[in-house]
Amino acid sequence: MRYIFPPAPQVGVAIAGSDGLFPVRRVYCVGRNYADHAVEMGADSREPPFFFSKPADALVSGGGDVPYPPATNNLQHEVELVVALASGGADIPLSRALESVYGYAVGLDLTRRDLQLAAKDKGQPWDMSKGFDHSAPIAAIQPLAANAHPASAAIWLKVNGQLRQQGDVQQMSWKVAEVIANLSTYVTLAAGDLIFTGTPAGVSKAQRGDVLEAGIAGVGELTVRLV
Ligand code: MN
């Protein structure tokens, strides 16, 4: 048997200090994982983690020019620590969860907030508010060998030079190991999976022409221009 037309290309993300590419399988995201962001979204800050997905081809490796998406008047930025997995499994024990990590990156969970709020109101899925084309800019992945697990690290985002989001990854309600262990109770994780781990407070509307600069200390920086 052969494919009736060429299959879509494998999505890859750049790796810092290497000409290799990280081959992406799936992209998962954690909702409301920083208490201050949960509060600004009107939610309980102590609820268990919950997950949604983006298609792998929504990733924009290295950032740069990103088209402003159609069908929204309220595109918002969410800067996030992204975990890249080198291995996986189901029901991964908490004590072994960090063994599956290949490295970390800074990423943006771009969100059509107007569509997301409408979906929440109607009990509808978030796919079109979260999983649209170019919705996941991501910087080069920092392999773990060059960077220990960032238990505490400043995370920030500026819009046109103005600081909008500022926090520390230690504020995550559910830590990286807990996120991996919990997610693996729902799905079998595997090498190539990425997990966006949630955003601190300060999300705001971004416009065409805006320059978004984001970073996580020791992990990397990412610049995106909305065009
Ligand atoms: Mn998010």
# chains A, B, ... in the order shown; residues from 1 in each chain; ligands from 1
call {"tool": "residues_around", "arguments": {"residues": "Arg25 in chain A", "least_positions_apart": "4", "cutoff": "8 Å", "atoms": "only C-alpha atoms", "output": "VMD selection string"}}
result
chain A and resid 11 56 190 to 194
call {"tool": "write_last_selection", "arguments": {"atoms": "C-alpha atoms", "output": "mmCIF file, in the first residue's frame"}}
result
data_model
loop_
_atom_site.group_PDB
_atom_site.id
_atom_site.type_symbol
_atom_site.label_atom_id
_atom_site.label_comp_id
_atom_site.auth_asym_id
_atom_site.auth_seq_id
_atom_site.Cartn_x
_atom_site.Cartn_y
_atom_site.Cartn_z
ATOM 1 C CA VAL A 11 6.818 18.769 12.639
ATOM 2 C CA ALA A 56 1.455 19.675 16.310
ATOM 3 C CA ALA A 190 5.558 9.173 24.283
ATOM 4 C CA ALA A 191 8.826 10.612 23.037
ATOM 5 C CA GLY A 192 8.124 13.754 21.039
ATOM 6 C CA ASP A 193 5.239 14.970 23.171
ATOM 7 C CA LEU A 194 5.267 18.590 24.308
#
call {"tool": "residues_around", "arguments": {"residues": "range 172-177 of chain A", "least_positions_apart": "5", "cutoff": "8 Å", "atoms": "only C-alpha atoms", "output": "ChimeraX atom specification"}}
result
/A:33-35,45-46,49,83,94-95,97-98,197-198
call {"tool": "write_last_selection", "arguments": {"atoms": "N, CA, C and O atoms", "output": "compact mmCIF listing (two decimals), in the first residue's frame"}}
result
# COMPACT_ATOMS: atom_id res chain seq x y z
N ASN A 33 -2.81 26.94 35.49
CA ASN A 33 -1.87 26.26 36.40
C ASN A 33 -1.12 27.22 37.31
O ASN A 33 -0.23 26.81 38.03
N TYR A 34 -1.46 28.51 37.23
CA TYR A 34 -0.88 29.48 38.17
C TYR A 34 -2.06 30.12 38.90
O TYR A 34 -3.02 30.57 38.25
N ALA A 35 -2.01 30.14 40.22
CA ALA A 35 -3.15 30.61 41.01
C ALA A 35 -3.56 32.02 40.61
O ALA A 35 -4.75 32.31 40.47
N SER A 45 -8.58 28.61 42.36
CA SER A 45 -7.14 28.39 42.14
C SER A 45 -6.68 27.01 42.59
O SER A 45 -5.54 26.64 42.35
N ARG A 46 -7.54 26.23 43.25
CA ARG A 46 -7.09 24.95 43.81
C ARG A 46 -7.66 23.75 43.06
O ARG A 46 -7.59 22.64 43.56
N PRO A 49 -5.56 19.65 37.91
CA PRO A 49 -5.17 20.07 36.56
C PRO A 49 -6.17 19.56 35.52
O PRO A 49 -6.78 18.51 35.70
N VAL A 83 7.45 21.58 28.37
CA VAL A 83 8.23 20.39 28.67
C VAL A 83 8.27 19.51 27.43
O VAL A 83 7.22 19.25 26.82
N LEU A 94 4.79 9.39 39.96
CA LEU A 94 5.30 10.73 40.23
C LEU A 94 6.81 10.72 40.42
O LEU A 94 7.52 11.59 39.91
N SER A 95 7.31 9.72 41.14
CA SER A 95 8.73 9.66 41.48
C SER A 95 9.62 9.46 40.25
O SER A 95 10.81 9.71 40.30
N ALA A 97 8.55 10.61 37.04
CA ALA A 97 8.03 11.44 35.94
C ALA A 97 9.12 12.28 35.29
O ALA A 97 9.15 12.42 34.05
N LEU A 98 10.02 12.84 36.07
CA LEU A 98 11.03 13.74 35.50
C LEU A 98 12.05 12.98 34.65
O LEU A 98 12.76 13.59 33.84
N THR A 197 2.72 24.22 30.12
CA THR A 197 2.37 23.99 31.53
C THR A 197 1.60 25.13 32.19
O THR A 197 1.49 25.17 33.41
N GLY A 198 1.02 26.03 31.40
CA GLY A 198 0.18 27.07 31.97
C GLY A 198 0.90 28.41 32.10
O GLY A 198 2.12 28.48 31.98
call {"tool": "closest_atom_pairs", "arguments": {"of": "chain A", "to": "ligand 1", "cutoff": "6 Å", "atoms": "only C-alpha atoms and all ligand atoms", "output": "CSV"}}
result
residue,atom,partner,partner_atom_place_in_ligand_line,distance
A:Gly31,CA,ligand 1,1 (Mn),5.6
A:Glu78,CA,ligand 1,1 (Mn),5.5
A:Asp109,CA,ligand 1,1 (Mn),5.0
A:Gly198,CA,ligand 1,1 (Mn),4.5
A:Thr199,CA,ligand 1,1 (Mn),5.4
call {"tool": "write_last_selection", "arguments": {"atoms": "all heavy atoms", "output": "mmCIF file, in the first residue's frame"}}
result
data_model
loop_
_atom_site.group_PDB
_atom_site.id
_atom_site.type_symbol
_atom_site.label_atom_id
_atom_site.label_comp_id
_atom_site.auth_asym_id
_atom_site.auth_seq_id
_atom_site.Cartn_x
_atom_site.Cartn_y
_atom_site.Cartn_z
ATOM 1 N N GLY A 31 -4.485 23.810 31.636
ATOM 2 C CA GLY A 31 -5.282 25.022 31.866
ATOM 3 C C GLY A 31 -5.071 25.543 33.269
ATOM 4 O O GLY A 31 -4.906 24.765 34.208
ATOM 5 N N GLU A 78 -0.171 34.017 26.214
ATOM 6 C CA GLU A 78 0.080 33.283 27.455
ATOM 7 C C GLU A 78 1.488 32.704 27.353
ATOM 8 O O GLU A 78 1.723 31.781 26.571
ATOM 9 C CB GLU A 78 -0.945 32.154 27.654
ATOM 10 C CG GLU A 78 -2.395 32.631 27.741
ATOM 11 C CD GLU A 78 -3.388 31.527 28.102
ATOM 12 O OE1 GLU A 78 -2.966 30.356 28.216
ATOM 13 O OE2 GLU A 78 -4.585 31.848 28.263
ATOM 14 N N ASP A 109 1.108 30.162 24.343
ATOM 15 C CA ASP A 109 -0.208 29.580 24.085
ATOM 16 C C ASP A 109 -1.098 30.729 23.631
ATOM 17 O O ASP A 109 -1.760 31.364 24.452
ATOM 18 C CB ASP A 109 -0.722 28.906 25.374
ATOM 19 C CG ASP A 109 -2.190 28.516 25.299
ATOM 20 O OD1 ASP A 109 -2.754 28.499 24.193
ATOM 21 O OD2 ASP A 109 -2.763 28.215 26.380
ATOM 22 N N GLY A 198 1.024 26.035 31.396
ATOM 23 C CA GLY A 198 0.182 27.072 31.973
ATOM 24 C C GLY A 198 0.905 28.405 32.104
ATOM 25 O O GLY A 198 2.123 28.480 31.980
ATOM 26 N N THR A 199 0.114 29.450 32.346
ATOM 27 C CA THR A 199 0.660 30.810 32.292
ATOM 28 C C THR A 199 0.398 31.575 33.582
ATOM 29 O O THR A 199 -0.642 31.363 34.222
ATOM 30 C CB THR A 199 0.043 31.569 31.086
ATOM 31 O OG1 THR A 199 0.846 32.709 30.780
ATOM 32 C CG2 THR A 199 -1.387 32.018 31.354
#
call {"tool": "atom_distance", "arguments": {"atom1": "CA of Leu21 in chain A", "atom2": "CA of Ala86 in chain A"}}
result
12.6 Å
call {"tool": "closest_atom_pairs", "arguments": {"of": "range 59-122 of chain A", "to": "range 138-149 of chain A", "cutoff": "8 Å", "atoms": "only C-alpha atoms", "output": "Markdown table"}}
result
| residue | atom | partner | partner_atom | distance |
| --- | --- | --- | --- | --- |
| A:Leu59 | CA | A:Ile138 | CA | 6.6 |
| A:Val60 | CA | A:Ile138 | CA | 5.9 |
| A:Ser61 | CA | A:Ile138 | CA | 5.1 |
| A:Gly62 | CA | A:Ala139 | CA | 4.6 |
| A:Gly63 | CA | A:Ile138 | CA | 6.0 |
| A:Ala84 | CA | A:Ile141 | CA | 7.6 |
| A:Val101 | CA | A:Leu144 | CA | 7.4 |
| A:Tyr102 | CA | A:Leu144 | CA | 5.8 |
| A:Gly103 | CA | A:Pro143 | CA | 4.1 |
| A:Tyr104 | CA | A:Gln142 | CA | 5.3 |
| A:Ala105 | CA | A:Ile141 | CA | 4.6 |
| A:Val106 | CA | A:Ala139 | CA | 5.6 |
| A:Gly107 | CA | A:Ile138 | CA | 4.2 |
| A:Leu108 | CA | A:Ile138 | CA | 6.4 |
call {"tool": "write_last_selection", "arguments": {"atoms": "C-alpha atoms", "output": "compact mmCIF listing (two decimals), in the first residue's frame"}}
result
# COMPACT_ATOMS: atom_id res chain seq x y z
CA LEU A 59 3.82 25.10 16.46
CA VAL A 60 5.96 27.93 15.11
CA SER A 61 9.53 26.89 15.84
CA GLY A 62 11.72 29.87 16.65
CA GLY A 63 8.90 32.43 16.63
CA ALA A 84 9.63 18.20 25.88
CA VAL A 101 11.97 14.90 30.24
CA TYR A 102 14.23 15.70 27.28
CA GLY A 103 14.35 19.42 27.91
CA TYR A 104 12.44 22.67 28.27
CA ALA A 105 11.46 25.61 26.10
CA VAL A 106 9.61 28.89 26.35
CA GLY A 107 6.38 28.89 24.38
CA LEU A 108 3.29 30.99 23.75
call {"tool": "closest_residue", "arguments": {"among": "A:Gly220, A:Pro125, A:Pro137, A:Pro67", "to": "Gly17 in chain A", "atoms": "only C-alpha atoms"}}
result
A:Gly220
call {"tool": "closest_residue", "arguments": {"among": "A:Gln10, A:Thr188, A:Gln171, A:Ser53", "to": "Tyr28 in chain A", "atoms": "only C-alpha atoms"}}
result
A:Ser53
call {"tool": "select_by_dssp", "arguments": {"residues": "range 37-223 of chain A", "states": "helix (DSSP H, G or I)", "output": "ChimeraX atom specification"}}
result
/A:37-40,56-58,94-100,113-122,127-130,144-146,169-171,176-183
call {"tool": "select_by_dssp", "arguments": {"residues": "chain A", "states": "strand (DSSP E or B)", "output": "number ranges by chain"}}
result
A: 12-15, 21-23, 27-31, 34, 50-54, 59-61, 64-66, 75-76, 79-85, 89, 101-108, 111-112, 136-138, 141-143, 154-159, 162-168, 172, 189, 194-196, 205-206, 211-216, 220-226
call {"tool": "residues_around", "arguments": {"residues": "Ala201 in chain A", "least_positions_apart": "3", "cutoff": "8 Å", "atoms": "only C-alpha atoms", "output": "NGL selection string"}}
result
:A and (34 or 36-38 or 40 or 165-167)
call {"tool": "write_last_selection", "arguments": {"atoms": "C-alpha atoms", "output": "short mmCIF file (atom, residue, chain, number, x, y, z; two decimals), in the first residue's frame"}}
result
data_model
loop_
_atom_site.label_atom_id
_atom_site.label_comp_id
_atom_site.auth_asym_id
_atom_site.auth_seq_id
_atom_site.Cartn_x
_atom_site.Cartn_y
_atom_site.Cartn_z
CA TYR A 34 -0.88 29.48 38.17
CA ASP A 36 -2.94 34.30 40.06
CA HIS A 37 -3.99 33.57 36.46
CA ALA A 38 -6.82 31.29 37.65
CA GLU A 40 -7.90 36.66 36.91
CA GLN A 165 3.34 38.98 32.46
CA GLN A 166 5.82 38.34 35.24
CA GLY A 167 6.05 35.37 37.56
#
call {"tool": "closest_residue", "arguments": {"among": "A:Ala71, A:Met1, A:Val187, A:Val79", "to": "Glu221 in chain A", "atoms": "only C-alpha atoms"}}
result
A:Val79
call {"tool": "residues_around", "arguments": {"residues": "Val159 in chain A", "least_positions_apart": "6", "cutoff": "9 Å", "atoms": "only C-alpha atoms", "output": "list in words"}}
result
Ala206, Asp210, Val211, Leu212, Glu213 and Ala214 of chain A
call {"tool": "write_last_selection", "arguments": {"atoms": "all heavy atoms", "output": "short mmCIF file (atom, residue, chain, number, x, y, z; two decimals), in the first residue's frame"}}
result
data_model
loop_
_atom_site.label_atom_id
_atom_site.label_comp_id
_atom_site.auth_asym_id
_atom_site.auth_seq_id
_atom_site.Cartn_x
_atom_site.Cartn_y
_atom_site.Cartn_z
N ALA A 206 -3.50 41.31 22.35
CA ALA A 206 -2.41 41.73 21.47
C ALA A 206 -3.00 42.07 20.09
O ALA A 206 -4.01 41.51 19.68
CB ALA A 206 -1.38 40.62 21.33
N ASP A 210 2.06 44.13 16.95
CA ASP A 210 2.70 44.03 18.27
C ASP A 210 3.89 43.08 18.22
O ASP A 210 3.87 42.06 17.51
CB ASP A 210 1.72 43.51 19.32
CG ASP A 210 0.74 44.58 19.79
OD1 ASP A 210 0.94 45.77 19.45
OD2 ASP A 210 -0.22 44.21 20.50
N VAL A 211 4.90 43.40 19.02
CA VAL A 211 6.05 42.52 19.20
C VAL A 211 5.97 41.92 20.60
O VAL A 211 5.93 42.64 21.60
CB VAL A 211 7.38 43.27 19.01
CG1 VAL A 211 8.57 42.34 19.32
CG2 VAL A 211 7.48 43.80 17.58
N LEU A 212 5.89 40.61 20.66
CA LEU A 212 5.83 39.88 21.93
C LEU A 212 7.21 39.29 22.20
O LEU A 212 7.73 38.54 21.38
CB LEU A 212 4.80 38.75 21.87
CG LEU A 212 3.41 39.08 21.29
CD1 LEU A 212 2.52 37.83 21.29
CD2 LEU A 212 2.75 40.19 22.09
N GLU A 213 7.78 39.67 23.34
CA GLU A 213 9.06 39.10 23.76
C GLU A 213 8.81 38.34 25.05
O GLU A 213 8.24 38.90 26.00
CB GLU A 213 10.09 40.19 24.02
CG GLU A 213 10.47 41.02 22.80
CD GLU A 213 11.26 42.23 23.22
OE1 GLU A 213 10.65 43.25 23.60
OE2 GLU A 213 12.50 42.14 23.20
N ALA A 214 9.25 37.09 25.10
CA ALA A 214 8.98 36.26 26.26
C ALA A 214 10.26 35.53 26.66
O ALA A 214 11.14 35.30 25.83
CB ALA A 214 7.88 35.25 25.94
#
call {"tool": "atom_distance", "arguments": {"atom1": "CA of Leu110 in chain A", "atom2": "CA of Leu75 in chain A"}}
result
6.9 Å
call {"tool": "residues_around", "arguments": {"residues": "Trp126 in chain A", "least_positions_apart": "5", "cutoff": "9 Å", "atoms": "only C-alpha atoms", "output": "PyMOL selection string"}}
result
chain A and resi 52+115-116+119-120+131
call {"tool": "closest_residue", "arguments": {"among": "A:Asp127, A:Asp44, A:Asp114, A:Asp91", "to": "Glu178 in chain A", "atoms": "only C-alpha atoms"}}
result
A:Asp91
call {"tool": "atom_distance", "arguments": {"atom1": "CA of Ile92 in chain A", "atom2": "CA of Glu80 in chain A"}}
result
22.7 Å
call {"tool": "decode", "arguments": {"residues": "range 166-196 of chain A", "atoms": "N, CA and C atoms", "output": "PDB file, in the first residue's frame"}}
result
ATOM      1  N   GLN A 166       4.604  38.518  34.458  1.00  0.00           N
ATOM      2  CA  GLN A 166       5.817  38.339  35.239  1.00  0.00           C
ATOM      3  C   GLN A 166       5.496  37.372  36.375  1.00  0.00           C
ATOM      4  N   GLY A 167       6.279  36.334  36.492  1.00  0.00           N
ATOM      5  CA  GLY A 167       6.054  35.373  37.561  1.00  0.00           C
ATOM      6  C   GLY A 167       7.273  34.493  37.708  1.00  0.00           C
ATOM      7  N   ASP A 168       7.056  33.357  38.359  1.00  0.00           N
ATOM      8  CA  ASP A 168       8.134  32.389  38.552  1.00  0.00           C
ATOM      9  C   ASP A 168       7.514  31.013  38.377  1.00  0.00           C
ATOM     10  N   VAL A 169       8.218  30.126  37.700  1.00  0.00           N
ATOM     11  CA  VAL A 169       7.628  28.805  37.453  1.00  0.00           C
ATOM     12  C   VAL A 169       7.361  28.042  38.754  1.00  0.00           C
ATOM     13  N   GLN A 170       7.975  28.480  39.856  1.00  0.00           N
ATOM     14  CA  GLN A 170       7.681  27.822  41.142  1.00  0.00           C
ATOM     15  C   GLN A 170       6.257  28.115  41.620  1.00  0.00           C
ATOM     16  N   GLN A 171       5.573  29.096  40.958  1.00  0.00           N
ATOM     17  CA  GLN A 171       4.175  29.403  41.316  1.00  0.00           C
ATOM     18  C   GLN A 171       3.192  28.410  40.684  1.00  0.00           C
ATOM     19  N   MET A 172       3.684  27.494  39.864  1.00  0.00           N
ATOM     20  CA  MET A 172       2.773  26.541  39.247  1.00  0.00           C
ATOM     21  C   MET A 172       2.047  25.731  40.313  1.00  0.00           C
ATOM     22  N   SER A 173       0.717  25.654  40.179  1.00  0.00           N
ATOM     23  CA  SER A 173      -0.073  24.893  41.154  1.00  0.00           C
ATOM     24  C   SER A 173       0.295  23.416  41.085  1.00  0.00           C
ATOM     25  N   TRP A 174       0.474  22.932  39.865  1.00  0.00           N
ATOM     26  CA  TRP A 174       0.863  21.540  39.631  1.00  0.00           C
ATOM     27  C   TRP A 174       2.226  21.563  38.958  1.00  0.00           C
ATOM     28  N   LYS A 175       3.221  20.987  39.639  1.00  0.00           N
ATOM     29  CA  LYS A 175       4.596  21.040  39.158  1.00  0.00           C
ATOM     30  C   LYS A 175       4.773  20.103  37.951  1.00  0.00           C
ATOM     31  N   VAL A 176       5.904  20.252  37.282  1.00  0.00           N
ATOM     32  CA  VAL A 176       6.140  19.494  36.055  1.00  0.00           C
ATOM     33  C   VAL A 176       5.949  17.992  36.275  1.00  0.00           C
ATOM     34  N   ALA A 177       6.525  17.453  37.335  1.00  0.00           N
ATOM     35  CA  ALA A 177       6.399  16.011  37.589  1.00  0.00           C
ATOM     36  C   ALA A 177       4.938  15.620  37.804  1.00  0.00           C
ATOM     37  N   GLU A 178       4.200  16.469  38.524  1.00  0.00           N
ATOM     38  CA  GLU A 178       2.784  16.181  38.783  1.00  0.00           C
ATOM     39  C   GLU A 178       1.969  16.250  37.496  1.00  0.00           C
ATOM     40  N   VAL A 179       2.314  17.221  36.641  1.00  0.00           N
ATOM     41  CA  VAL A 179       1.607  17.360  35.362  1.00  0.00           C
ATOM     42  C   VAL A 179       1.814  16.110  34.508  1.00  0.00           C
ATOM     43  N   ILE A 180       3.065  15.652  34.408  1.00  0.00           N
ATOM     44  CA  ILE A 180       3.368  14.468  33.598  1.00  0.00           C
ATOM     45  C   ILE A 180       2.651  13.243  34.161  1.00  0.00           C
ATOM     46  N   ALA A 181       2.759  13.044  35.467  1.00  0.00           N
ATOM     47  CA  ALA A 181       2.143  11.864  36.093  1.00  0.00           C
ATOM     48  C   ALA A 181       0.631  11.891  35.910  1.00  0.00           C
ATOM     49  N   ASN A 182       0.024  13.071  36.139  1.00  0.00           N
ATOM     50  CA  ASN A 182      -1.434  13.159  36.038  1.00  0.00           C
ATOM     51  C   ASN A 182      -1.900  12.981  34.595  1.00  0.00           C
ATOM     52  N   LEU A 183      -1.221  13.652  33.647  1.00  0.00           N
ATOM     53  CA  LEU A 183      -1.613  13.530  32.232  1.00  0.00           C
ATOM     54  C   LEU A 183      -1.516  12.079  31.762  1.00  0.00           C
ATOM     55  N   SER A 184      -0.514  11.351  32.281  1.00  0.00           N
ATOM     56  CA  SER A 184      -0.313   9.961  31.845  1.00  0.00           C
ATOM     57  C   SER A 184      -1.350   9.003  32.414  1.00  0.00           C
ATOM     58  N   THR A 185      -2.221   9.512  33.304  1.00  0.00           N
ATOM     59  CA  THR A 185      -3.355   8.678  33.733  1.00  0.00           C
ATOM     60  C   THR A 185      -4.498   8.744  32.723  1.00  0.00           C
ATOM     61  N   TYR A 186      -4.453   9.741  31.824  1.00  0.00           N
ATOM     62  CA  TYR A 186      -5.508   9.899  30.805  1.00  0.00           C
ATOM     63  C   TYR A 186      -5.094   9.375  29.439  1.00  0.00           C
ATOM     64  N   VAL A 187      -3.810   9.602  29.096  1.00  0.00           N
ATOM     65  CA  VAL A 187      -3.301   9.201  27.777  1.00  0.00           C
ATOM     66  C   VAL A 187      -1.918   8.603  27.959  1.00  0.00           C
ATOM     67  N   THR A 188      -1.523   7.749  27.018  1.00  0.00           N
ATOM     68  CA  THR A 188      -0.164   7.231  27.017  1.00  0.00           C
ATOM     69  C   THR A 188       0.747   8.272  26.388  1.00  0.00           C
ATOM     70  N   LEU A 189       1.703   8.744  27.159  1.00  0.00           N
ATOM     71  CA  LEU A 189       2.659   9.740  26.665  1.00  0.00           C
ATOM     72  C   LEU A 189       3.782   9.036  25.927  1.00  0.00           C
ATOM     73  N   ALA A 190       4.477   9.782  25.058  1.00  0.00           N
ATOM     74  CA  ALA A 190       5.558   9.173  24.283  1.00  0.00           C
ATOM     75  C   ALA A 190       6.603  10.220  23.931  1.00  0.00           C
ATOM     76  N   ALA A 191       7.763   9.730  23.518  1.00  0.00           N
ATOM     77  CA  ALA A 191       8.826  10.612  23.037  1.00  0.00           C
ATOM     78  C   ALA A 191       8.267  11.518  21.948  1.00  0.00           C
ATOM     79  N   GLY A 192       8.612  12.797  22.017  1.00  0.00           N
ATOM     80  CA  GLY A 192       8.124  13.754  21.039  1.00  0.00           C
ATOM     81  C   GLY A 192       6.936  14.557  21.511  1.00  0.00           C
ATOM     82  N   ASP A 193       6.357  14.186  22.639  1.00  0.00           N
ATOM     83  CA  ASP A 193       5.239  14.970  23.171  1.00  0.00           C
ATOM     84  C   ASP A 193       5.756  16.248  23.817  1.00  0.00           C
ATOM     85  N   LEU A 194       4.995  17.319  23.643  1.00  0.00           N
ATOM     86  CA  LEU A 194       5.267  18.590  24.308  1.00  0.00           C
ATOM     87  C   LEU A 194       4.101  18.893  25.245  1.00  0.00           C
ATOM     88  N   ILE A 195       4.426  19.491  26.391  1.00  0.00           N
ATOM     89  CA  ILE A 195       3.379  19.901  27.334  1.00  0.00           C
ATOM     90  C   ILE A 195       3.594  21.364  27.697  1.00  0.00           C
ATOM     91  N   PHE A 196       2.629  22.223  27.313  1.00  0.00           N
ATOM     92  CA  PHE A 196       2.613  23.621  27.747  1.00  0.00           C
ATOM     93  C   PHE A 196       2.008  23.635  29.160  1.00  0.00           C
TER      94      PHE A 196
END
